[in-house]
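Text of the file run-v2.cif, holding mmCIF, C-alpha atoms (C1' of nucleotides):
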```cif
data_query
loop_
_atom_site.label_atom_id
_atom_site.label_comp_id
_atom_site.auth_asym_id
_atom_site.auth_seq_id
_atom_site.Cartn_x
_atom_site.Cartn_y
_atom_site.Cartn_z
CA MET A 1 240.86 -86.76 -151.22
CA LYS A 2 243.23 -86.90 -148.30
CA ALA A 3 243.51 -84.59 -145.29
CA ASP A 4 246.83 -83.11 -146.29
CA GLN A 5 245.43 -81.91 -149.58
CA ILE A 6 242.39 -80.43 -147.85
CA ILE A 7 244.56 -78.61 -145.34
CA ARG A 8 246.58 -77.07 -148.14
CA ALA A 9 243.39 -75.87 -149.79
CA LEU A 10 241.97 -74.45 -146.58
CA SER A 11 245.28 -72.76 -145.73
CA ALA A 12 245.34 -71.27 -149.19
CA LEU A 13 241.90 -69.75 -148.72
CA ALA A 14 242.56 -68.63 -145.16
CA GLN A 15 244.28 -65.42 -146.13
CA GLU A 16 242.79 -62.05 -146.92
CA HIS A 17 244.32 -61.50 -150.35
CA ARG A 18 244.01 -65.08 -151.48
CA LEU A 19 240.40 -65.37 -150.41
CA ALA A 20 239.62 -62.15 -152.26
CA ALA A 21 241.52 -63.27 -155.35
CA TYR A 22 239.88 -66.64 -155.31
CA ARG A 23 236.44 -65.14 -155.13
CA LEU A 24 237.14 -62.88 -158.06
CA LEU A 25 238.29 -65.92 -160.00
CA VAL A 26 235.25 -67.92 -158.98
CA GLN A 27 233.04 -65.17 -160.27
CA ALA A 28 235.07 -64.63 -163.41
CA GLY A 29 234.50 -68.21 -164.53
CA GLU A 30 236.47 -69.87 -167.28
CA SER A 31 237.79 -66.73 -168.91
CA GLY A 32 239.85 -66.14 -165.79
CA ILE A 33 241.84 -63.07 -164.79
CA PRO A 34 245.52 -62.24 -165.48
CA ALA A 35 247.89 -62.01 -162.51
CA GLY A 36 248.54 -58.32 -163.02
CA ALA A 37 244.85 -57.42 -163.03
CA LEU A 38 244.35 -59.29 -159.77
CA ALA A 39 247.30 -57.48 -158.22
CA GLU A 40 245.88 -54.15 -159.30
CA GLN A 41 242.33 -54.81 -158.18
CA LEU A 42 243.45 -56.05 -154.80
CA ASP A 43 246.10 -53.37 -154.44
CA VAL A 44 248.88 -55.85 -153.76
CA PRO A 45 252.40 -55.64 -155.26
CA PRO A 46 252.97 -58.03 -158.18
CA SER A 47 255.54 -60.11 -156.33
CA SER A 48 253.20 -60.59 -153.41
CA MET A 49 250.30 -61.45 -155.68
CA SER A 50 252.47 -63.96 -157.45
CA PHE A 51 253.33 -65.57 -154.14
CA HIS A 52 249.67 -65.87 -153.24
CA LEU A 53 248.61 -67.18 -156.62
CA ALA A 54 251.31 -69.82 -156.38
CA GLN A 55 249.80 -70.95 -153.08
CA LEU A 56 246.35 -71.24 -154.61
CA ALA A 57 247.77 -73.13 -157.57
CA ASN A 58 249.76 -75.44 -155.33
CA ALA A 59 246.59 -76.20 -153.45
CA GLY A 60 244.96 -77.10 -156.73
CA LEU A 61 242.32 -74.43 -156.33
CA VAL A 62 243.27 -72.52 -159.45
CA THR A 63 244.82 -73.30 -162.80
CA GLN A 64 247.01 -71.07 -164.90
CA ARG A 65 247.58 -70.66 -168.60
CA ARG A 66 249.81 -68.33 -170.52
CA GLU A 67 248.21 -66.02 -173.03
CA SER A 68 250.74 -63.87 -174.76
CA ARG A 69 252.60 -61.99 -172.05
CA SER A 70 249.94 -62.55 -169.43
CA ILE A 71 249.32 -65.51 -167.20
CA ILE A 72 245.63 -66.09 -166.78
CA TYR A 73 244.36 -67.69 -163.60
CA SER A 74 241.01 -69.42 -163.27
CA ALA A 75 239.24 -71.17 -160.43
CA ASP A 76 239.10 -74.94 -160.43
CA TYR A 77 235.55 -75.68 -159.41
CA ALA A 78 236.15 -79.38 -158.96
CA ALA A 79 238.77 -78.72 -156.30
CA MET A 80 236.45 -76.43 -154.41
CA ASN A 81 233.74 -79.04 -154.51
CA GLY A 82 236.20 -81.61 -153.26
CA VAL A 83 237.04 -79.53 -150.23
CA MET A 84 233.42 -78.88 -149.40
CA GLY A 85 232.58 -82.51 -149.83
CA TYR A 86 235.29 -83.39 -147.36
CA LEU A 87 233.91 -80.97 -144.79
CA THR A 88 230.37 -82.23 -145.09
CA GLU A 89 231.33 -85.89 -145.19
CA ASN A 90 229.30 -87.85 -142.67
CA CYS A 91 228.07 -84.50 -141.54
CA CYS A 92 225.10 -85.80 -139.64
CA GLY A 93 226.51 -88.93 -138.13
CA GLY A 94 226.21 -90.84 -141.36
CA VAL A 95 222.65 -89.84 -142.03
CA PRO A 96 222.29 -88.31 -145.49
CA CYS A 97 221.49 -84.62 -145.43
CA GLY A 98 221.02 -82.00 -148.13
CA ASP A 99 224.64 -82.33 -149.00
CA SER A 100 224.97 -81.59 -152.67
CA THR A 101 227.46 -78.82 -153.07
CA ALA A 102 228.04 -78.63 -156.75
CA CYS A 103 229.38 -75.80 -158.75
CA LEU A 104 230.47 -75.95 -162.35
CA PRO A 105 231.88 -73.32 -164.69
CA ASP A 106 229.25 -71.17 -166.28
CA PRO A 107 229.19 -72.34 -169.92
CA GLN A 108 229.07 -76.10 -169.47
CA ARG A 109 227.23 -77.02 -166.35
CA LYS A 110 225.94 -80.47 -165.84
CA SER A 111 222.24 -80.90 -165.36
CA ALA A 112 223.09 -81.23 -161.66
CA MET B 1 228.90 -62.96 -143.19
CA LYS B 2 232.02 -60.91 -143.61
CA ALA B 3 235.40 -61.91 -144.97
CA ASP B 4 237.21 -61.60 -141.68
CA GLN B 5 234.90 -64.11 -140.06
CA ILE B 6 235.31 -66.50 -142.97
CA ILE B 7 239.08 -66.24 -142.80
CA ARG B 8 239.03 -67.10 -139.14
CA ALA B 9 236.91 -70.16 -139.87
CA LEU B 10 239.13 -71.29 -142.73
CA SER B 11 242.28 -70.72 -140.65
CA ALA B 12 240.75 -72.73 -137.87
CA LEU B 13 240.12 -75.67 -140.16
CA ALA B 14 243.46 -75.41 -141.93
CA GLN B 15 245.39 -77.34 -139.32
CA GLU B 16 245.88 -81.04 -138.96
CA HIS B 17 244.62 -81.47 -135.40
CA ARG B 18 241.80 -79.00 -135.68
CA LEU B 19 240.53 -80.44 -138.94
CA ALA B 20 240.59 -83.90 -137.40
CA ALA B 21 238.87 -82.70 -134.23
CA TYR B 22 236.28 -80.81 -136.18
CA ARG B 23 235.44 -83.84 -138.26
CA LEU B 24 235.02 -85.98 -135.19
CA LEU B 25 232.68 -83.34 -133.81
CA VAL B 26 230.76 -83.11 -137.05
CA GLN B 27 230.22 -86.83 -136.96
CA ALA B 28 229.41 -86.90 -133.27
CA GLY B 29 226.47 -84.56 -133.76
CA GLU B 30 224.73 -82.78 -130.95
CA SER B 31 225.94 -85.01 -128.15
CA GLY B 32 229.42 -83.69 -128.78
CA ILE B 33 232.73 -84.88 -127.36
CA PRO B 34 234.56 -83.75 -124.20
CA ALA B 35 237.92 -81.99 -124.62
CA GLY B 36 239.84 -84.76 -122.94
CA ALA B 37 238.43 -87.45 -125.19
CA LEU B 38 239.41 -85.46 -128.26
CA ALA B 39 242.92 -84.99 -126.90
CA GLU B 40 243.23 -88.69 -126.28
CA GLN B 41 241.82 -89.80 -129.62
CA LEU B 42 244.04 -87.40 -131.54
CA ASP B 43 247.07 -88.09 -129.36
CA VAL B 44 247.63 -84.44 -128.55
CA PRO B 45 248.53 -83.08 -125.07
CA PRO B 46 245.58 -81.52 -123.23
CA SER B 47 247.04 -78.01 -123.30
CA SER B 48 247.57 -78.20 -127.05
CA MET B 49 244.09 -79.58 -127.61
CA SER B 50 242.66 -76.80 -125.53
CA PHE B 51 244.49 -74.25 -127.64
CA HIS B 52 243.08 -75.74 -130.82
CA LEU B 53 239.55 -76.04 -129.49
CA ALA B 54 239.70 -72.39 -128.49
CA GLN B 55 240.55 -71.53 -132.08
CA LEU B 56 237.61 -73.48 -133.40
CA ALA B 57 235.33 -71.87 -130.84
CA ASN B 58 236.64 -68.42 -131.61
CA ALA B 59 235.90 -69.04 -135.27
CA GLY B 60 232.36 -69.95 -134.29
CA LEU B 61 232.71 -73.44 -135.71
CA VAL B 62 232.09 -75.21 -132.43
CA THR B 63 230.21 -74.51 -129.25
CA GLN B 64 231.08 -75.65 -125.76
CA ARG B 65 229.07 -76.52 -122.73
CA ARG B 66 230.12 -77.66 -119.33
CA GLU B 67 228.79 -80.94 -118.07
CA SER B 68 230.06 -81.68 -114.61
CA ARG B 69 233.85 -81.63 -114.79
CA SER B 70 233.96 -82.06 -118.54
CA ILE B 71 233.60 -79.46 -121.23
CA ILE B 72 231.73 -80.85 -124.18
CA TYR B 73 232.38 -79.50 -127.63
CA SER B 74 230.00 -79.81 -130.55
CA ALA B 75 230.10 -78.67 -134.14
CA ASP B 76 228.01 -75.69 -135.13
CA TYR B 77 226.53 -76.75 -138.45
CA ALA B 78 225.16 -73.31 -139.26
CA ALA B 79 228.65 -71.82 -139.17
CA MET B 80 229.97 -74.48 -141.50
CA ASN B 81 227.14 -73.81 -143.90
CA GLY B 82 227.87 -70.12 -143.73
CA VAL B 83 231.47 -70.66 -144.76
CA MET B 84 230.52 -72.88 -147.64
CA GLY B 85 227.87 -70.48 -148.77
CA TYR B 86 230.45 -67.74 -148.86
CA LEU B 87 232.77 -69.81 -150.99
CA THR B 88 230.11 -70.74 -153.50
CA GLU B 89 228.56 -67.29 -153.64
CA ASN B 90 228.16 -66.16 -157.22
CA CYS B 91 230.11 -69.25 -158.06
CA CYS B 92 229.22 -69.31 -161.73
CA GLY B 93 229.26 -65.65 -162.54
CA GLY B 94 225.89 -65.07 -160.96
CA VAL B 95 224.18 -67.94 -162.69
CA PRO B 96 222.48 -70.22 -160.18
CA CYS B 97 224.11 -73.60 -159.90
CA GLY B 98 223.46 -76.66 -157.72
CA ASP B 99 224.52 -74.67 -154.71
CA SER B 100 222.56 -76.03 -151.81
CA THR B 101 225.04 -77.00 -149.16
CA ALA B 102 222.93 -77.71 -146.16
CA CYS B 103 223.76 -79.75 -143.16
CA LEU B 104 221.75 -79.95 -139.99
CA PRO B 105 222.30 -81.83 -136.75
CA ASP B 106 221.12 -85.40 -136.85
CA PRO B 107 218.01 -85.38 -134.68
CA GLN B 108 216.20 -82.36 -136.04
CA ARG B 109 216.93 -81.86 -139.70
CA LYS B 110 214.71 -79.79 -141.84
CA SER B 111 213.00 -81.48 -144.76
CA ALA B 112 215.70 -79.81 -146.86
"C1'" DT C 1 268.19 -57.40 -181.59
"C1'" DC C 2 266.70 -54.02 -178.39
"C1'" DT C 3 263.13 -52.40 -175.49
"C1'" DA C 4 258.92 -52.58 -173.09
"C1'" DT C 5 255.56 -55.40 -170.75
"C1'" DA C 6 253.98 -59.17 -167.68
"C1'" DT C 7 255.11 -62.14 -164.20
"C1'" DT C 8 257.99 -64.99 -161.31
"C1'" DT C 9 261.89 -66.13 -158.24
"C1'" DC C 10 265.09 -64.78 -154.69
"C1'" DG C 11 266.31 -63.22 -150.25
"C1'" DA C 12 266.00 -60.83 -146.11
"C1'" DT C 13 262.93 -59.41 -142.49
"C1'" DA C 14 258.58 -59.03 -139.92
"C1'" DA C 15 254.60 -61.18 -138.12
"C1'" DT C 16 251.83 -64.99 -136.93
"C1'" DT C 17 251.07 -69.67 -135.38
"C1'" DG C 18 252.05 -74.18 -133.07
"C1'" DT C 19 253.89 -76.75 -129.13
"C1'" DC C 20 253.61 -78.24 -124.49
"C1'" DG C 21 255.08 -78.22 -119.48
"C1'" DA C 22 253.85 -75.88 -115.37
"C1'" DA C 23 250.69 -73.45 -112.86
"C1'" DG C 24 245.89 -71.90 -112.30
"C1'" DT C 25 240.61 -72.52 -112.21
"C1'" DA C 26 236.17 -75.21 -111.87
"C1'" DT C 27 233.72 -79.21 -110.09
"C1'" DT C 28 232.83 -83.37 -107.51
"C1'" DG C 29 233.15 -86.75 -103.82
"C1'" DG C 30 234.82 -88.11 -99.33
"C1'" DC D 1 237.93 -78.60 -96.47
"C1'" DC D 2 241.01 -81.62 -99.01
"C1'" DA D 3 242.25 -84.37 -102.80
"C1'" DA D 4 241.33 -85.89 -107.35
"C1'" DT D 5 239.72 -84.95 -111.97
"C1'" DA D 6 239.00 -82.17 -116.20
"C1'" DC D 7 240.35 -78.28 -118.56
"C1'" DT D 8 242.35 -73.85 -119.51
"C1'" DT D 9 245.78 -70.10 -119.31
"C1'" DC D 10 250.52 -68.62 -119.24
"C1'" DG D 11 254.98 -68.25 -121.07
"C1'" DA D 12 258.89 -69.32 -123.75
"C1'" DC D 13 260.67 -71.10 -127.78
"C1'" DA D 14 260.41 -73.29 -132.54
"C1'" DA D 15 258.43 -73.26 -136.94
"C1'" DT D 16 255.83 -71.45 -140.53
"C1'" DT D 17 253.95 -67.69 -143.27
"C1'" DA D 18 253.59 -62.93 -145.26
"C1'" DT D 19 255.69 -58.91 -147.31
"C1'" DC D 20 257.93 -56.70 -151.06
"C1'" DG D 21 262.04 -54.69 -153.58
"C1'" DA D 22 265.47 -56.21 -156.73
"C1'" DA D 23 266.88 -59.28 -160.14
"C1'" DA D 24 265.66 -62.93 -163.43
"C1'" DT D 25 262.60 -65.01 -167.14
"C1'" DA D 26 259.33 -65.05 -171.02
"C1'" DT D 27 256.89 -62.76 -174.78
"C1'" DA D 28 255.86 -59.41 -178.23
"C1'" DG D 29 256.65 -55.65 -181.28
"C1'" DA D 30 259.61 -52.18 -183.71
#
```

What does this structure look like when you write it as structure tokens?
Amino acid sequence: MKADQIIRALSALAQEHRLAAYRLLVQAGESGIPAGALAEQLDVPPSSMSFHLAQLANAGLVTQRRESRSIIYSADYAAMNGVMGYLTENCCGGVPCGDSTACLPDPQRKSA
Amino acid sequence: MKADQIIRALSALAQEHRLAAYRLLVQAGESGIPAGALAEQLDVPPSSMSFHLAQLANAGLVTQRRESRSIIYSADYAAMNGVMGYLTENCCGGVPCGDSTACLPDPQRKSA
DNA sequence: TCTATATTTCGATAATTGTCGAAGTATTGG
DNA sequence: CCAATACTTCGACAATTATCGAAATATAGA
């Protein structure tokens, strides 16, 4: 994963509403949350929420799927793990350290 | 750790030069790297580097100490772990998942 | 097809962030 | 005390990002 991609992900998370939205999505798991519900819960106008969700999607941190009239967003755990892996890379001068950030969607987790 | 603090940390890392500097510091470990050396390695003017290092310090991601005429910066591993913990919190809808991001300075790591 | 719902795109404006030279502040050695 | 070194702070300007109403797009149901 290259630096530019990581920076986009970090920028995406470095904003009040997006960080809050992302965390809700992370906790919601695979079922995800529709854009409108996120806007309501975070008390942000729909157009603003849409802007923020687009940033998260562009960063690869969330995926979207249409379901009837709603667009459901869900967190992409692999992307999050990628970012954290990048930050911890060579974290102790090359010496291996308890560096095993792994997080998979609820239903189908690997046996870590 | 509260959201505002996390946002400052993520903002600090979400910038080309700061991400690069931070990674150098992470790899350098406790000995750290003087401001000037970072500026030179990253090909950034001293005043710009200073600005960026101040951001990282303000976010609590790095610490600084004076050593003669130089100011040595080093990564604060605990802060990094705090940020990652925040991101993975309740990451699978409350179900525990391989969520053990830990990273300690080279010389004195815990037996994880 | 017409209307209501759900969301996005557009566009204009406000706010924040990045850049870097010049000047200022520590520290050391002569 | 003076000059050199290592950094930081200041200040001005450029660039990017956030906000949100209005208009556009997609879907579903009557």

When the PyMOL selection byres ((chain D and resi 8-17) around 7) is applied to the structure above, which residues does it catch, written out as an mmCIF file with C-alpha atoms (C1' of nucleotides), keeping the file's coordinate frame?
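Printed below is part13.cif as written:
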```
data_model
loop_
_atom_site.group_PDB
_atom_site.id
_atom_site.type_symbol
_atom_site.label_atom_id
_atom_site.label_comp_id
_atom_site.auth_asym_id
_atom_site.auth_seq_id
_atom_site.Cartn_x
_atom_site.Cartn_y
_atom_site.Cartn_z
ATOM 1 C CA SER B 50 242.660 -76.800 -125.530
ATOM 2 C "C1'" DC D 7 240.350 -78.280 -118.560
ATOM 3 C "C1'" DA D 18 253.590 -62.930 -145.260
#
```

### Message
Taking the file as I've supplied it (selection: the PyMOL selection byres ((chain C and resi 30) around 12)), which residues are included? Please answer as a list in words.
### Response
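Those residues are DT28 and DG29 of chain C; DC1, DC2, DA3 and DA4 of chain D.
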
### Query
What does the distance between atom CA of A:Ala9 and atom CA of B:Tyr77 come to in Å, to one decimal place?
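Going from atom CA of A:Ala9 over to atom CA of B:Tyr77 covers 20.3 Å.
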
### Message
Assuming the chain letters and numbering stay as they are in my file, what does the PyMOL selection byres ((chain A and resi 52) around 9) actually select? List them as a PyMOL selection string.
### Response
chain A and resi 12+15+17-18+21+47-51+53-57

### Task
Give the answer as one residue: which of A:Glu16, A:Leu61, A:Glu30, A:Ser74 has the shortest atom-to-atom distance to chain D, using only C-alpha atoms (C1' of nucleotides)?
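Going through A:Glu16, A:Leu61, A:Glu30, A:Ser74 one by one, the smallest distance to chain D is for A:Glu16.
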
### Message
Residues within 12 Å of D:DG29, please, as number ranges by chain. Count all atoms listed in the file; anything in the same chain fewer than 6 positions from it doesn't count.
### Response
A: 69; C: 1-5

### Query
In Å, with one decimal, what is the gap from atom CA of A:Val44 to atom CA of A:Ala20?
11.3 Å

### Message
To one decimal place in Å, what is the distance between atom C1' of C:DT27 and atom CA of B:Thr63?
### Response
20.0 Å

Quick one: which chain D residues come within 8 Å of chain A, and what is the nearest atom pair for each with the distance in Å to one decimal, counting only C-alpha atoms (C1' of nucleotides), rows ordered by chain and ascending number, as JSON lines?
```
{"residue": "D:DT19", "atom": "C1'", "partner": "A:Ser48", "partner_atom": "CA", "distance": 6.8}
{"residue": "D:DC20", "atom": "C1'", "partner": "A:Ser48", "partner_atom": "CA", "distance": 6.6}
{"residue": "D:DA26", "atom": "C1'", "partner": "A:Arg69", "partner_atom": "CA", "distance": 7.5}
{"residue": "D:DT27", "atom": "C1'", "partner": "A:Arg69", "partner_atom": "CA", "distance": 5.1}
{"residue": "D:DA28", "atom": "C1'", "partner": "A:Arg69", "partner_atom": "CA", "distance": 7.4}
```

### Query
Counting all atoms listed in the file, which residues from chain C have an atom at most 9 Å from any atom of chain A, and could you show them as a PyMOL selection string?
chain C and resi 5-9

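Here the question is which of B:Gln41, B:Ile6, B:Ala14, B:Met1 gets nearest to chain A using only C-alpha atoms, and that residue is B:Ala14.
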
Go ahead and fit an axis-aligned box to every listed atom of stretch 2-10 of chain D plus 4 Å each side, and pass me the centre and edge lengths in Å, one decimal, as JSON.
```
{"center_x": 244.8, "center_y": -77.3, "center_z": -109.3, "size_x": 19.5, "size_y": 25.3, "size_z": 28.5}
```

### Task
List the neighbours of A:Lys2 out to 10 Å using only C-alpha atoms (C1' of nucleotides); skip same-chain residues closer than 2 positions along the sequence, and give me the result as a list of chain:residue names.
A:Asp4, A:Gln5, A:Ile6, A:Ile7, A:Val83, A:Tyr86

### Task
Would you mind telling me which residue in A:Leu13, A:Val26, A:Ile33, A:Ala75 lies nearest to B:Glu89 when using only C-alpha atoms?
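The shortest atom-to-atom distance to B:Glu89 comes from A:Val26.
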
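The nearest approach to chain B among the residues A:Ser11, A:Ser31, A:Gln64, A:Asn81, with all atoms listed in the file taken into account, belongs to A:Ser11.
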
Fewer than 4 positions away in the same chain doesn't count, so skip those; otherwise give me all residues within 9 Å of C:DC10, counting only C-alpha atoms (C1' of nucleotides), as a tab-separated table (two decimals) with C-alpha atoms (C1' of nucleotides), in the coordinates of the input.
```tsv
chain	number	residue	atom	x	y	z
D	22	DA	C1'	265.47	-56.21	-156.73
D	23	DA	C1'	266.88	-59.28	-160.14
D	24	DA	C1'	265.66	-62.93	-163.43
```
